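Colleague: Take this structure first; my questions come after.
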Amino acid sequence: MTSQHLSLFSRRNALKAASSGFGYLAFAAIADEQARAAARGPLAPKDPHFPARAKRVIFLSMRGAPSHVDTFDYKPQLTKDHGKAGKYGGTRGAMLLKSPWEFNQHGKSGLWISELFPGLAKHADDLCLLRSMQTDQPNHPQATLQMHTGSFQFVRPSLGSWSLYGLGTENSNLPGFVTLNPFGSAQNYGSSFLPAIYQGSKISAAARRPFGNRGRRGGDDSLKIPNIKSEHLNPEQQRIYLDYVQSLNKNTLDKNVHQPGVEGIIESYELAFRMQDSLPEQVDLSGESQETLDLYGIGKTNTDAFGKQCLLARRFVESGVRFVEITHSSGWDHHRNLKNDMEKNCAEIDRPVAGLLADLKRRDMLKDTLVIWAGEFGRTPHGQGGDGRDHNNKGYTTWMAGGGVKGGFSYGATDEHGYEAVENKMHIHDWHATIFHLLGLDHQKLTYNYAGRDFRLTDVHGYVAKEILS
């Protein structure tokens, strides 16, 4: 670990030691050893099971379940059969509803993408469309939980927590797993029975206004990080206080060696102390160029909020964070007002996501950064209330880009109307297994023993979709 990664305590005490005659070099040697000890902790980088295609993940979570037949799953037969009675159940008398938007082929690959995504369509040759997704539940809370943890019935570690547990992080002064503006249950980013140090660190945006309302560097447009600075103690006093608390925690460990909760607290306290020096700078976007801000749509009313999250995701993974999740929380649950609300939601994310892919690519990071876009399920091909679609867990689309997947590629298929996966079905367990494979992890070997049993993200399921690997 290099000198810039030393803890705040180590650097400041090195200076104090120098002024007292102890000698900076001697104390710096101790500080280096402290830093190396931190690097050997539970968040230290770990070797994957086999050579990895992806080193890190950015997960773009679309809360509420976007309609696949209006975005990435082109169904000309649905257009032809518009107004006919649906044969797939659902609301009695529901008629098939064609997509209000045109689909066109894009890139050298000719992927069919809706006109709702003009910016993203320019990256068609980087996208791997997974058009045969399936999950077990058609209800939002359960399907969201299964997408994040593999189970809708039990409390289990999240995908991000498992990834951090398996691979560690490359920056000991930042969380290894960050979740931006999460929605819903904390289980979606929790560590469950894994040590607490592997749970996601929640960061929320402070403001929704674009930079332009108070100037591009406007103070109110920063991100709020609760309790990042103490109102009562300076850093030196905090270190003394923390050392005392940690001595009590370690005494508890000496008396009873197996105390996972106490071990997690010790590691979390130390990480939190180091984060005080690193995290505020990490989320400060004032140093980014105007060209970069424009690339993500920052400063524009409809794209500012999500654009900031996408830019922060790039900054985090560039600094060594292993897993970053972004939640678009406007809601994609379009039982009604499909035409207006779908256009609004897609306009909010199209430019930021396209900007993220372009930024990663120009930094030569897309090749080993796995970008994932997904909702918890899809929508029905038949209409609901004339201008809406109901829940559909039998067939829907997600996509991946970079990180070792084939670009300009479509995997799997639903039936002619887009109701049910019929070719190369990809259950959510298979999706998890494939993500792990791209990270160099064998989903059957990444286990944690709890209550006498070896648990894993995919339980007893999961097949890797090797056809999408580049």
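By convention here, the chains of the structure tokens are called A, B, ... in the order presented, each chain's residues are numbered starting at 1, and ligands are numbered starting at 1 in the order presented.
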When you look at Asp368 of chain A with a cut-off of 9 Å (counting only C-alpha atoms), what residues show up, excluding the ones that are within fewer than 6 positions of it in the same chain? I need them as a list in words.

Modeller: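 What passes the distance filter is Ala52, Arg53, Ala54, Lys55, Arg56, Val57, Gly402, Gly403 and Gly404 of chain A.
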
Colleague: Write out as a list in words each polymer residue whose atoms come within 12 Å of Asn345 of chain A, counting only C-alpha atoms; drop sequence neighbours fewer than 6 positions from it.

Modeller: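 So the residues in contact are Met62, Arg63, Gly64, Ala65, Pro66, Ser67, Thr71, Leu116, Phe117, Asn302, Thr303, Phe306, His328, Ser329, Ser330, Gly331, Trp332, Asp333, His334, Asn337, Leu338, Lys339, Arg351 and Pro352 of chain A.
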
Colleague: Determine, counting only C-alpha atoms, which protein, DNA and RNA residues have an atom within 10 Å of an atom of Gly462 of chain A; residues of the same chain fewer than 5 positions away are not included. Present the result as a list in words.

Modeller: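 With the cut-off at 10 Å, the set is Met426, His427, Ile428, His429, Asp430, Trp431, His432, Ala433, Thr434, His443, Gln444 and Leu457 of chain A.
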
Colleague: Can you pull out every residue from segment 272-384 of chain A that DSSP, working from the backbone, puts in strand (DSSP E), and format the result as a ChimeraX atom specification?

Modeller: /A:323-328,369-374,378-383

Colleague: Considering only helix (DSSP H, G or I) as DSSP defines it on the backbone, what residues of segment 151-210 of chain A qualify? List them as a PyMOL selection string.

Modeller: chain A and resi 159-167+186-189+196-198

Colleague: Counting only C-alpha atoms, which of A:Gly41, A:Pro51, A:Gly395, A:Gly440 gets nearest to Asp136 of chain A?

Modeller: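 Result for the nearest residue to Asp136 of chain A: A:Gly395.
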
Colleague: Report as a Markdown table the residues of segment 330-364 of chain A within 10 Å of segment 277-300 of chain A, each with its shortest atom pair and distance in Å (one decimal), using only C-alpha atoms, ordered by chain and increasing residue number.

Modeller:
```
| residue | atom | partner | partner_atom | distance |
| --- | --- | --- | --- | --- |
| A:Glu348 | CA | A:Gly297 | CA | 9.0 |
| A:Ile349 | CA | A:Gly297 | CA | 9.3 |
| A:Asp350 | CA | A:Tyr296 | CA | 9.3 |
| A:Arg351 | CA | A:Tyr296 | CA | 6.1 |
| A:Pro352 | CA | A:Tyr296 | CA | 4.3 |
| A:Val353 | CA | A:Tyr296 | CA | 7.4 |
| A:Ala354 | CA | A:Tyr296 | CA | 7.7 |
| A:Gly355 | CA | A:Tyr296 | CA | 4.8 |
| A:Leu356 | CA | A:Tyr296 | CA | 6.8 |
| A:Leu357 | CA | A:Tyr296 | CA | 9.9 |
| A:Ala358 | CA | A:Leu295 | CA | 8.4 |
| A:Asp359 | CA | A:Thr292 | CA | 8.1 |
```

Colleague: Please provide as a VMD selection string all residues within 9 Å of Glu423 of chain A, with the sequence filter that same-chain residues fewer than 4 positions apart are discarded (counting only C-alpha atoms).

Modeller: chain A and resid 131 to 132 411 to 415

Colleague: Considering only C-alpha atoms, state which residue in the set A:Met365, A:Met342, A:Leu159, A:Ala143 is at the smallest distance from Leu194 of chain A.

Modeller: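 The closest residue to Leu194 of chain A is A:Leu159.
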
Colleague: From the set A:Trp162, A:Phe72, A:Tyr419, A:Trp101, which residue has the shortest atom-to-atom contact distance to Arg379 of chain A, counting only C-alpha atoms?

Modeller: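 Using only C-alpha atoms, Arg379 of chain A sits closest to A:Tyr419.
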
Colleague: Which residue, A:Cys346, A:Pro138, A:Ala44, A:Ile113, has the smallest gap to Glu376 of chain A when you use only C-alpha atoms?

Modeller: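 Among A:Cys346, A:Pro138, A:Ala44, A:Ile113, it is A:Pro138 that comes nearest to Glu376 of chain A.
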
Colleague: So how many Å separate atom CA of Phe377 of chain A and atom CA of Glu420 of chain A, to one decimal?

Modeller: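 That distance, rounded to one decimal, is 11.5 Å.
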
Colleague: For each of A:Ile197, A:Val245, A:Ile203, A:Leu438, take the minimum atom-to-atom distance to Thr369 of chain A, counting only C-alpha atoms, then give the residue where this is smallest.

Modeller: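 For Thr369 of chain A, the nearest of the candidates is A:Leu438.
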
Colleague: Quick one, how far is atom CA of Asp442 of chain A from atom CA of His49 of chain A?

Modeller: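 For atom CA of Asp442 of chain A relative to atom CA of His49 of chain A, the distance reads 6.4 Å.
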
Colleague: With distances taken over only C-alpha atoms, which of A:Glu318, A:Glu416, A:Glu467, A:Asp81 is nearest to Asn171 of chain A?

Modeller: A:Glu318

Colleague: Would you kindly return, as a PDB file with C-alpha atoms, in the first residue's frame, each protein, DNA or RNA residue with an atom no farther than 12 Å from any atom of Tyr450 of chain A, considering only C-alpha atoms and excluding same-chain residues fewer than 5 positions away?

Modeller:
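Output file result-v7.pdb follows:
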```pdb
ATOM      1  CA  ARG A 156     -29.518 -13.738   2.526  1.00  0.00           C
ATOM      2  CA  PRO A 157     -26.365 -11.778   1.579  1.00  0.00           C
ATOM      3  CA  SER A 192     -26.904 -11.069   6.263  1.00  0.00           C
ATOM      4  CA  PHE A 193     -24.751 -13.797   7.848  1.00  0.00           C
ATOM      5  CA  LEU A 194     -21.573 -12.628   6.096  1.00  0.00           C
ATOM      6  CA  PRO A 195     -19.416 -10.357   8.300  1.00  0.00           C
ATOM      7  CA  PRO A 260     -18.403 -12.377  14.231  1.00  0.00           C
ATOM      8  CA  PHE A 455     -24.438 -21.290   1.749  1.00  0.00           C
ATOM      9  CA  ARG A 456     -23.975 -19.689  -1.651  1.00  0.00           C
TER      10      ARG A 456
END
```
